[in-house]
Structure formats: structure tokens, C-alpha cells
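**Q** This is target_33.cif (mmCIF, C-alpha atoms).
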data_coords
#
loop_
_atom_site.label_atom_id
_atom_site.label_comp_id
_atom_site.auth_asym_id
_atom_site.auth_seq_id
_atom_site.Cartn_x
_atom_site.Cartn_y
_atom_site.Cartn_z
CA GLU A 1 102.88 123.17 119.35
CA ASP A 2 100.86 124.00 116.24
CA GLN A 3 97.14 124.01 116.92
CA VAL A 4 93.87 124.76 115.13
CA THR A 5 90.56 125.34 116.93
CA GLN A 6 87.26 125.72 115.13
CA SER A 7 84.03 127.12 116.49
CA PRO A 8 81.22 126.50 116.80
CA GLU A 9 81.30 122.69 116.62
CA ALA A 10 77.85 122.72 115.04
CA LEU A 11 75.67 125.44 113.54
CA ARG A 12 72.08 125.29 112.39
CA LEU A 13 70.84 128.07 110.09
CA GLN A 14 67.66 128.83 108.27
CA GLU A 15 67.98 129.24 104.51
CA GLY A 16 69.06 132.82 103.82
CA GLU A 17 70.38 133.40 107.37
CA SER A 18 74.00 134.58 107.04
CA SER A 19 76.65 133.63 109.60
CA SER A 20 80.37 133.08 110.15
CA LEU A 21 82.55 130.15 111.16
CA ASN A 22 85.74 130.75 113.13
CA CYS A 23 89.16 129.14 112.91
CA SER A 24 91.78 130.15 115.50
CA TYR A 25 95.33 128.98 115.04
CA THR A 26 98.78 128.97 116.57
CA VAL A 27 101.60 127.96 114.28
CA SER A 28 105.29 128.63 114.06
CA GLY A 29 105.59 130.30 110.69
CA LEU A 30 102.31 130.14 108.77
CA ARG A 31 102.80 129.05 105.19
CA GLY A 32 99.11 128.94 104.36
CA LEU A 33 95.62 128.52 105.81
CA PHE A 34 93.23 126.24 103.97
CA TRP A 35 89.45 125.79 104.05
CA TYR A 36 87.86 122.55 102.96
CA ARG A 37 84.28 121.30 102.74
CA GLN A 38 83.53 117.68 103.60
CA ASP A 39 80.27 115.90 102.80
CA PRO A 40 79.37 112.67 104.64
CA GLY A 41 81.28 109.67 103.31
CA LYS A 42 83.52 111.78 101.07
CA GLY A 43 86.98 113.25 101.17
CA PRO A 44 87.53 116.95 101.90
CA GLU A 45 86.96 119.28 98.94
CA PHE A 46 89.33 122.24 98.59
CA LEU A 47 87.74 125.70 98.89
CA PHE A 48 90.36 128.39 99.62
CA THR A 49 93.97 129.10 100.49
CA LEU A 50 94.93 132.27 102.37
CA TYR A 51 98.57 133.23 102.78
CA SER A 52 98.78 136.54 104.61
CA ALA A 53 96.83 138.66 107.09
CA GLY A 54 94.29 140.88 105.38
CA GLU A 55 93.80 138.51 102.47
CA GLU A 56 90.23 137.65 101.41
CA LYS A 57 88.88 135.12 98.91
CA GLU A 58 85.32 134.54 97.67
CA LYS A 59 83.46 131.75 95.97
CA GLU A 60 79.73 131.95 95.41
CA ARG A 61 78.15 132.42 98.87
CA LEU A 62 81.42 131.85 100.75
CA LYS A 63 84.05 134.39 101.73
CA ALA A 64 87.20 133.58 103.69
CA THR A 65 89.27 136.15 105.58
CA LEU A 66 92.54 135.92 107.50
CA THR A 67 94.14 137.76 110.42
CA LYS A 68 97.35 136.94 112.29
CA LYS A 69 95.48 134.73 114.74
CA GLU A 70 92.29 133.55 113.09
CA SER A 71 90.30 133.05 109.92
CA PHE A 72 86.62 133.43 109.27
CA LEU A 73 84.44 131.70 106.74
CA HIS A 74 81.46 133.93 106.06
CA ILE A 75 78.39 132.31 104.54
CA THR A 76 75.96 134.75 102.92
CA ALA A 77 72.33 133.73 102.34
CA PRO A 78 73.09 130.01 102.67
CA LYS A 79 71.13 127.31 100.87
CA PRO A 80 70.43 123.75 102.02
CA GLU A 81 73.13 122.49 99.63
CA ASP A 82 75.70 124.39 101.71
CA SER A 83 75.12 121.88 104.51
CA ALA A 84 78.42 120.08 105.20
CA THR A 85 81.34 119.99 107.61
CA TYR A 86 83.77 122.85 107.03
CA LEU A 87 87.39 122.13 107.91
CA CYS A 88 90.18 124.60 108.52
CA ALA A 89 93.84 123.62 108.28
CA VAL A 90 97.19 125.35 108.58
CA GLN A 91 100.41 124.48 106.82
CA ASP A 92 103.48 125.22 108.84
CA GLY A 93 106.78 126.52 107.60
CA GLY A 94 108.59 123.24 108.12
CA ALA A 95 109.89 120.89 105.47
CA THR A 96 106.89 118.58 105.57
CA ASN A 97 104.16 120.87 104.31
CA LYS A 98 101.68 118.74 106.20
CA LEU A 99 98.29 120.18 107.06
CA ILE A 100 97.19 120.49 110.67
CA PHE A 101 93.42 120.33 110.82
CA GLY A 102 90.80 121.54 113.23
CA THR A 103 87.90 119.25 114.10
CA GLY A 104 85.49 121.14 111.86
CA THR A 105 82.15 122.92 112.04
CA LEU A 106 79.09 120.90 111.07
CA LEU A 107 76.74 123.26 109.25
CA ALA A 108 73.07 122.43 108.69
CA VAL A 109 70.96 124.79 106.58
CA GLN A 110 67.25 124.20 106.83
CA PRO A 111 64.84 125.21 104.04
CA GLY B 1 90.07 115.59 84.93
CA ALA B 2 90.63 112.56 87.12
CA GLY B 3 91.01 113.22 90.79
CA VAL B 4 92.74 111.23 93.51
CA SER B 5 91.45 107.67 93.66
CA GLN B 6 91.68 105.20 96.52
CA SER B 7 90.93 101.53 96.86
CA PRO B 8 89.24 99.73 98.37
CA SER B 9 86.50 102.13 99.44
CA ASN B 10 85.65 99.88 102.37
CA LYS B 11 87.66 97.20 104.11
CA VAL B 12 86.57 94.97 106.97
CA THR B 13 89.29 92.83 108.49
CA GLU B 14 89.84 90.70 111.54
CA LYS B 15 92.13 91.80 114.31
CA GLY B 16 95.67 90.62 113.66
CA LYS B 17 95.41 90.54 109.85
CA ASP B 18 97.47 92.75 107.53
CA VAL B 19 95.82 95.23 105.15
CA GLU B 20 97.00 97.25 102.16
CA LEU B 21 95.39 100.51 101.12
CA ARG B 22 96.08 102.02 97.71
CA CYS B 23 96.22 105.62 96.51
CA ASP B 24 96.41 106.86 92.93
CA PRO B 25 97.28 110.59 92.96
CA ILE B 26 96.44 113.18 90.33
CA SER B 27 98.78 112.77 87.37
CA GLY B 28 101.82 115.03 87.67
CA HIS B 29 101.43 115.69 91.39
CA THR B 30 104.79 115.16 93.04
CA ALA B 31 103.66 115.44 96.67
CA LEU B 32 101.51 112.75 98.26
CA TYR B 33 100.15 112.61 101.80
CA TRP B 34 98.31 110.06 103.94
CA TYR B 35 95.97 111.17 106.71
CA ARG B 36 93.69 109.33 109.11
CA GLN B 37 90.26 110.50 110.25
CA SER B 38 88.77 108.81 113.29
CA LEU B 39 85.21 109.34 114.51
CA GLY B 40 84.98 112.70 116.20
CA GLN B 41 88.64 113.49 115.53
CA GLY B 42 90.27 115.87 113.12
CA LEU B 43 92.36 114.63 110.24
CA GLU B 44 95.67 113.32 111.52
CA PHE B 45 98.81 113.43 109.37
CA LEU B 46 100.55 110.10 108.81
CA ILE B 47 103.25 110.39 106.14
CA TYR B 48 104.45 112.65 103.32
CA PHE B 49 106.09 111.62 100.04
CA GLN B 50 107.98 113.87 97.68
CA GLY B 51 108.51 111.76 94.59
CA ASN B 52 109.36 108.28 95.83
CA SER B 53 111.04 109.36 99.04
CA ALA B 54 109.35 109.94 102.38
CA PRO B 55 111.02 112.89 104.13
CA ASP B 56 108.51 112.81 106.97
CA LYS B 57 107.15 109.64 108.54
CA SER B 58 106.62 111.26 111.91
CA GLY B 59 102.84 110.76 111.93
CA LEU B 60 102.90 106.98 111.63
CA PRO B 61 101.43 105.80 114.96
CA SER B 62 103.51 102.63 115.33
CA ASP B 63 105.95 100.37 113.49
CA ARG B 64 102.97 98.32 112.31
CA PHE B 65 102.33 101.10 109.80
CA SER B 66 104.45 101.50 106.66
CA ALA B 67 104.03 103.11 103.27
CA GLU B 68 105.76 103.19 99.95
CA ARG B 69 105.45 105.04 96.68
CA THR B 70 106.70 103.71 93.39
CA GLY B 71 107.33 105.49 90.09
CA GLY B 72 106.46 108.80 91.71
CA SER B 73 102.83 107.82 91.43
CA VAL B 74 100.86 105.09 93.23
CA SER B 75 101.28 104.74 96.97
CA THR B 76 100.41 101.85 99.27
CA LEU B 77 99.81 102.15 103.02
CA THR B 78 100.27 98.85 104.84
CA ILE B 79 99.04 98.11 108.33
CA GLN B 80 100.35 94.90 109.87
CA ARG B 81 98.67 92.97 112.68
CA THR B 82 95.68 95.31 112.69
CA GLN B 83 94.14 96.38 115.99
CA GLN B 84 90.66 97.71 116.70
CA GLU B 85 92.04 101.17 117.31
CA ASP B 86 93.20 101.22 113.67
CA SER B 87 89.55 101.51 112.59
CA ALA B 88 89.22 104.85 110.80
CA VAL B 89 88.94 106.48 107.39
CA TYR B 90 92.31 106.65 105.67
CA LEU B 91 92.60 109.59 103.28
CA CYS B 92 95.18 110.22 100.63
CA ALA B 93 95.93 113.65 99.19
CA SER B 94 98.22 114.95 96.46
CA SER B 95 99.48 118.34 95.40
CA LEU B 96 101.31 119.68 92.36
CA ASN B 97 103.85 121.33 94.60
CA PRO B 98 104.35 120.81 98.35
CA SER B 99 103.35 124.44 99.04
CA TYR B 100 100.11 124.26 97.08
CA GLU B 101 96.66 123.07 98.05
CA GLN B 102 96.17 119.35 98.61
CA TYR B 103 93.44 117.43 96.80
CA PHE B 104 91.91 114.53 98.66
CA GLY B 105 90.63 111.18 97.55
CA PRO B 106 87.36 109.67 98.79
CA GLY B 107 89.10 107.63 101.48
CA THR B 108 89.16 104.00 102.57
CA ARG B 109 86.96 103.13 105.55
CA LEU B 110 88.79 100.46 107.55
CA THR B 111 86.91 98.45 110.15
CA VAL B 112 88.84 96.01 112.35
CA THR B 113 86.60 93.45 114.07
#
In C-alpha cells, write the structure found in this file.

**A**
Amino acid sequence: EDQVTQSPEALRLQEGESSSLNCSYTVSGLRGLFWYRQDPGKGPEFLFTLYSAGEEKEKERLKATLTKKESFLHITAPKPEDSATYLCAVQDGGATNKLIFGTGTLLAVQP
Amino acid sequence: GAGVSQSPSNKVTEKGKDVELRCDPISGHTALYWYRQSLGQGLEFLIYFQGNSAPDKSGLPSDRFSAERTGGSVSTLTIQRTQQEDSAVYLCASSLNPSYEQYFGPGTRLTVT
């Protein structure tokens, strides 16, 4: 069964304190791995898609990496506005193209 | 440009009533998805549309749930005889191509009293 596990569940950082969020997955035929950011009361906002092991993508203070079993979202010198829930999802190789989500990491960055 | 829109943003209904939730995808996006997000749970897939057809309805939790899409655009998710366990945020997403990233709407928060 396809599964996505994110850790930690919650993370509190001081402004400027870099860290990483983890997303472990098992899927039969990975089509893509997606990272989203979700603010309270809003829908998820697309950040990155990774398709193959070794791939990396960057956007401002965020960098996503992918291996055959997990993905990391590295946050460099975070700011309070980076506070949000970060969701990881995998898209399997089936006909549906549905996303299978983890339960997210709630990030709080304190000034 | 305009993103995915959903209405209503909030809906409070009594147990046993029917509700309709609407999704307006990004123009030109052929794939449309419905998900449900319950408190403390991850997003749960409900149904997928490609054009007006629904190749995968496997995520619908019971036969009280149905959805349709007309004109390859607007979609409606209907829940009949609502139950308290139906309380959740219902999210709609669309993508240009089924293999591409999905863009989400703001969701409809459904509360069944």
C-alpha cells in the first residue's frame, strides 16, 4: 500500500536557524513527489515537484531533495513568514494520478 | 491569473440534510480532483475527473457522496443525508495535465450539527 510519513510532526525554530523536514515514502512506481505549503484556513500552495532520485529544486530559502526512499525540505535561515504546515505527497504510477499525502510538519519560526 | 475557486467557503448544516459544494477550476485545466481534510488527518483523495468523466471514484467514502463535472469545467460534490463524521474541509484541485502539479482552491469548511 502506498504510504507517506512526515517527520517531525511539529518543529519550532528561531529566526535564522536552519533545519530540514523529512518525508519518507513507499509507492509502487513513483511518478512524482510534491511539496506544498498550507497556511491556516487556506488550501495547499504548490512549492516543488521532484521526479527522480538525485533531483534538487530551490525556491528562496527552501530546497527540496529526493532519494529513492525519502525527500527532504531544507529551510535555510528561516523567517517568521515561513511558518506554516508543509505537506509532502506522492503521485503513483496508476491511472488516477491522485496524490497521497502525509500528515504534514507544522513549522513555527520565532523572531 | 484566477486560481481555483470554491463555494461556499463555509457551510453549516443539520444532520440528515443534503449539501452541494462547488468547484471552479483554473481555465483550461482538464484534470480535477476532490480531497477531504479532517482535523488531524492528511488530505484524503475522493474523486478524479478527466474532462467530464470520472475514471476513479474509489475515494468516495459511501454512496451518499456523488460528484459531477459539466462542460469540462465546474464540478459539484453532493453529500446526501449528511452525518457528523462528514464534517471536514473539502478541497478541490485542478491540473493542466494529470501528470502535472495540482493547484488547490481555498476549500469549503463543512460542519454538520

**Q** So the first atom is atom CA of Leu50 of chain A and the second is atom CA of Gly32 of chain A; what is the distance between them in Å, to one decimal place?

**A**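 Going from atom CA of Leu50 of chain A over to atom CA of Gly32 of chain A covers 5.7 Å.
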
**Q** To one decimal in Å, tell me the separation between atom CA of Asp2 of chain A and atom CA of Glu55 of chain A.

**A**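 Straight-line distance from atom CA of Asp2 of chain A to atom CA of Glu55 of chain A works out to 21.2 Å.
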
**Q** Dump as JSON lines the rows for residues of chain B within 9 Å of chain A: closest atom pair and distance in Å with one decimal, all atoms listed in the file counted, ordered by chain and rising residue number.

**A**
{"residue": "B:Tyr33", "atom": "CA", "partner": "A:Lys98", "partner_atom": "CA", "distance": 7.7}
{"residue": "B:Gly40", "atom": "CA", "partner": "A:Thr103", "partner_atom": "CA", "distance": 7.5}
{"residue": "B:Gln41", "atom": "CA", "partner": "A:Thr103", "partner_atom": "CA", "distance": 6.0}
{"residue": "B:Gly42", "atom": "CA", "partner": "A:Thr103", "partner_atom": "CA", "distance": 4.2}
{"residue": "B:Leu43", "atom": "CA", "partner": "A:Phe101", "partner_atom": "CA", "distance": 5.8}
{"residue": "B:Glu44", "atom": "CA", "partner": "A:Ile100", "partner_atom": "CA", "distance": 7.4}
{"residue": "B:Phe45", "atom": "CA", "partner": "A:Lys98", "partner_atom": "CA", "distance": 6.8}
{"residue": "B:Ile47", "atom": "CA", "partner": "A:Lys98", "partner_atom": "CA", "distance": 8.5}
{"residue": "B:Tyr48", "atom": "CA", "partner": "A:Thr96", "partner_atom": "CA", "distance": 6.8}
{"residue": "B:Phe49", "atom": "CA", "partner": "A:Thr96", "partner_atom": "CA", "distance": 8.9}
{"residue": "B:Pro55", "atom": "CA", "partner": "A:Thr96", "partner_atom": "CA", "distance": 7.2}
{"residue": "B:Asp56", "atom": "CA", "partner": "A:Thr96", "partner_atom": "CA", "distance": 6.2}
{"residue": "B:Leu91", "atom": "CA", "partner": "A:Gly43", "partner_atom": "CA", "distance": 7.0}
{"residue": "B:Cys92", "atom": "CA", "partner": "A:Gly43", "partner_atom": "CA", "distance": 8.8}
{"residue": "B:Pro98", "atom": "CA", "partner": "A:Asn97", "partner_atom": "CA", "distance": 6.0}
{"residue": "B:Ser99", "atom": "CA", "partner": "A:Asn97", "partner_atom": "CA", "distance": 6.4}
{"residue": "B:Tyr100", "atom": "CA", "partner": "A:Thr49", "partner_atom": "CA", "distance": 8.5}
{"residue": "B:Glu101", "atom": "CA", "partner": "A:Thr49", "partner_atom": "CA", "distance": 7.0}
{"residue": "B:Gln102", "atom": "CA", "partner": "A:Phe46", "partner_atom": "CA", "distance": 7.4}
{"residue": "B:Tyr103", "atom": "CA", "partner": "A:Phe46", "partner_atom": "CA", "distance": 6.6}
{"residue": "B:Phe104", "atom": "CA", "partner": "A:Gly43", "partner_atom": "CA", "distance": 5.7}
{"residue": "B:Gly105", "atom": "CA", "partner": "A:Gly43", "partner_atom": "CA", "distance": 5.5}
{"residue": "B:Pro106", "atom": "CA", "partner": "A:Gly43", "partner_atom": "CA", "distance": 4.3}
{"residue": "B:Gly107", "atom": "CA", "partner": "A:Gly43", "partner_atom": "CA", "distance": 6.0}
{"residue": "B:Arg109", "atom": "CA", "partner": "A:Gly41", "partner_atom": "CA", "distance": 8.9}

**Q** For the selection you just gave me, I'd like the residues written to a file as an mmCIF file, in the frame of the given file, keeping C-alpha atoms.

**A**
data_model
loop_
_atom_site.group_PDB
_atom_site.id
_atom_site.type_symbol
_atom_site.label_atom_id
_atom_site.label_comp_id
_atom_site.auth_asym_id
_atom_site.auth_seq_id
_atom_site.Cartn_x
_atom_site.Cartn_y
_atom_site.Cartn_z
ATOM 1 C CA TYR B 33 100.150 112.610 101.800
ATOM 2 C CA GLY B 40 84.980 112.700 116.200
ATOM 3 C CA GLN B 41 88.640 113.490 115.530
ATOM 4 C CA GLY B 42 90.270 115.870 113.120
ATOM 5 C CA LEU B 43 92.360 114.630 110.240
ATOM 6 C CA GLU B 44 95.670 113.320 111.520
ATOM 7 C CA PHE B 45 98.810 113.430 109.370
ATOM 8 C CA ILE B 47 103.250 110.390 106.140
ATOM 9 C CA TYR B 48 104.450 112.650 103.320
ATOM 10 C CA PHE B 49 106.090 111.620 100.040
ATOM 11 C CA PRO B 55 111.020 112.890 104.130
ATOM 12 C CA ASP B 56 108.510 112.810 106.970
ATOM 13 C CA LEU B 91 92.600 109.590 103.280
ATOM 14 C CA CYS B 92 95.180 110.220 100.630
ATOM 15 C CA PRO B 98 104.350 120.810 98.350
ATOM 16 C CA SER B 99 103.350 124.440 99.040
ATOM 17 C CA TYR B 100 100.110 124.260 97.080
ATOM 18 C CA GLU B 101 96.660 123.070 98.050
ATOM 19 C CA GLN B 102 96.170 119.350 98.610
ATOM 20 C CA TYR B 103 93.440 117.430 96.800
ATOM 21 C CA PHE B 104 91.910 114.530 98.660
ATOM 22 C CA GLY B 105 90.630 111.180 97.550
ATOM 23 C CA PRO B 106 87.360 109.670 98.790
ATOM 24 C CA GLY B 107 89.100 107.630 101.480
ATOM 25 C CA ARG B 109 86.960 103.130 105.550
#

**Q** What do you get, as a list in words, if you spell out every residue that the PyMOL selection byres ((chain B and resi 66-77) around 6) selects here?

**A**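 Going through the file, the PyMOL selection byres ((chain B and resi 66-77) around 6) ends up selecting Glu20, Leu21, Arg22, Cys23, Asp24, Gly51, Asn52, Phe65 and Thr78 of chain B.
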
**Q** Pull the neighbourhood of (90.5, 128.2, 113.9) for me: all residues within 7 Å in file coordinates, counting all atoms listed in the file, as a list in words.

**A**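 Those residues, ordered by chain and then number, are Val4, Thr5, Gln6, Asn22, Cys23, Ser24, Tyr25, Glu70, Ser71, Cys88 and Gly102 of chain A.
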
**Q** Grab segment 7-43 of chain B from that structure and dump N, CA and C atoms to a file, as a tab-separated table (two decimals), in the first residue's frame.

**A**
chain	number	residue	atom	x	y	z
B	7	SER	N	-17.03	27.31	-3.57
B	7	SER	CA	-18.11	27.95	-2.82
B	7	SER	C	-19.06	26.90	-2.27
B	8	PRO	N	-19.69	27.15	-1.11
B	8	PRO	CA	-19.39	28.28	-0.25
B	8	PRO	C	-18.07	28.07	0.48
B	9	SER	N	-17.59	29.08	1.17
B	9	SER	CA	-16.35	28.92	1.93
B	9	SER	C	-16.63	28.18	3.24
B	10	ASN	N	-17.82	28.40	3.76
B	10	ASN	CA	-18.26	27.73	4.98
B	10	ASN	C	-19.69	27.28	4.82
B	11	LYS	N	-20.00	26.10	5.35
B	11	LYS	CA	-21.35	25.59	5.30
B	11	LYS	C	-21.65	24.85	6.60
B	12	VAL	N	-22.71	25.29	7.27
B	12	VAL	CA	-23.18	24.61	8.46
B	12	VAL	C	-24.53	24.00	8.12
B	13	THR	N	-24.70	22.72	8.36
B	13	THR	CA	-25.94	22.05	8.02
B	13	THR	C	-26.34	21.10	9.14
B	14	GLU	N	-27.61	20.76	9.14
B	14	GLU	CA	-28.10	19.83	10.15
B	14	GLU	C	-27.94	18.40	9.65
B	15	LYS	N	-27.70	17.51	10.56
B	15	LYS	CA	-27.59	16.10	10.23
B	15	LYS	C	-28.82	15.66	9.44
B	16	GLY	N	-28.56	14.93	8.35
B	16	GLY	CA	-29.65	14.42	7.54
B	16	GLY	C	-29.98	15.27	6.31
B	17	LYS	N	-29.47	16.51	6.28
B	17	LYS	CA	-29.71	17.37	5.12
B	17	LYS	C	-28.70	17.07	4.01
B	18	ASP	N	-29.06	17.46	2.79
B	18	ASP	CA	-28.14	17.32	1.65
B	18	ASP	C	-27.38	18.64	1.46
B	19	VAL	N	-26.13	18.53	1.00
B	19	VAL	CA	-25.35	19.73	0.69
B	19	VAL	C	-24.67	19.59	-0.66
B	20	GLU	N	-24.47	20.74	-1.31
B	20	GLU	CA	-23.75	20.78	-2.58
B	20	GLU	C	-22.57	21.73	-2.45
B	21	LEU	N	-21.41	21.25	-2.85
B	21	LEU	CA	-20.20	22.05	-2.82
B	21	LEU	C	-19.73	22.26	-4.25
B	22	ARG	N	-19.30	23.49	-4.55
B	22	ARG	CA	-18.96	23.82	-5.94
B	22	ARG	C	-17.48	24.11	-6.09
B	23	CYS	N	-16.93	23.73	-7.24
B	23	CYS	CA	-15.53	23.99	-7.57
B	23	CYS	C	-15.43	24.54	-8.98
B	24	ASP	N	-14.73	25.65	-9.11
B	24	ASP	CA	-14.44	26.26	-10.40
B	24	ASP	C	-12.93	26.13	-10.65
B	25	PRO	N	-12.50	25.25	-11.55
B	25	PRO	CA	-11.05	25.04	-11.73
B	25	PRO	C	-10.41	26.17	-12.53
B	26	ILE	N	-9.10	26.12	-12.61
B	26	ILE	CA	-8.37	27.07	-13.45
B	26	ILE	C	-8.75	26.80	-14.91
B	27	SER	N	-8.99	27.87	-15.65
B	27	SER	CA	-9.41	27.73	-17.04
B	27	SER	C	-8.39	26.92	-17.84
B	28	GLY	N	-8.89	25.93	-18.58
B	28	GLY	CA	-8.01	25.11	-19.41
B	28	GLY	C	-7.48	23.87	-18.73
B	29	HIS	N	-7.69	23.75	-17.43
B	29	HIS	CA	-7.23	22.55	-16.71
B	29	HIS	C	-8.22	21.41	-16.95
B	30	THR	N	-7.70	20.31	-17.49
B	30	THR	CA	-8.58	19.20	-17.83
B	30	THR	C	-8.81	18.25	-16.66
B	31	ALA	N	-7.85	18.18	-15.74
B	31	ALA	CA	-7.97	17.27	-14.60
B	31	ALA	C	-8.48	18.02	-13.38
B	32	LEU	N	-9.40	17.39	-12.67
B	32	LEU	CA	-9.99	17.99	-11.47
B	32	LEU	C	-10.11	16.93	-10.40
B	33	TYR	N	-9.76	17.29	-9.18
B	33	TYR	CA	-9.73	16.35	-8.06
B	33	TYR	C	-10.49	16.95	-6.87
B	34	TRP	N	-11.13	16.09	-6.11
B	34	TRP	CA	-11.68	16.45	-4.81
B	34	TRP	C	-10.93	15.68	-3.73
B	35	TYR	N	-10.60	16.40	-2.66
B	35	TYR	CA	-9.97	15.81	-1.48
B	35	TYR	C	-10.74	16.26	-0.24
B	36	ARG	N	-10.53	15.53	0.86
B	36	ARG	CA	-11.13	15.90	2.12
B	36	ARG	C	-10.03	15.97	3.17
B	37	GLN	N	-10.10	16.99	4.01
B	37	GLN	CA	-9.10	17.15	5.07
B	37	GLN	C	-9.82	17.27	6.41
B	38	SER	N	-9.69	16.22	7.20
B	38	SER	CA	-10.31	16.22	8.54
B	38	SER	C	-9.28	16.64	9.57
B	39	LEU	N	-9.74	17.11	10.71
B	39	LEU	CA	-8.86	17.61	11.76
B	39	LEU	C	-7.85	16.54	12.14
B	40	GLY	N	-6.57	16.91	12.04
B	40	GLY	CA	-5.53	15.97	12.42
B	40	GLY	C	-5.23	14.88	11.41
B	41	GLN	N	-5.93	14.91	10.28
B	41	GLN	CA	-5.72	13.89	9.25
B	41	GLN	C	-5.05	14.52	8.04
B	42	GLY	N	-4.42	13.68	7.25
B	42	GLY	CA	-3.87	14.15	5.98
B	42	GLY	C	-4.99	14.35	4.97
B	43	LEU	N	-4.66	14.93	3.85
B	43	LEU	CA	-5.65	15.06	2.78
B	43	LEU	C	-5.98	13.69	2.23
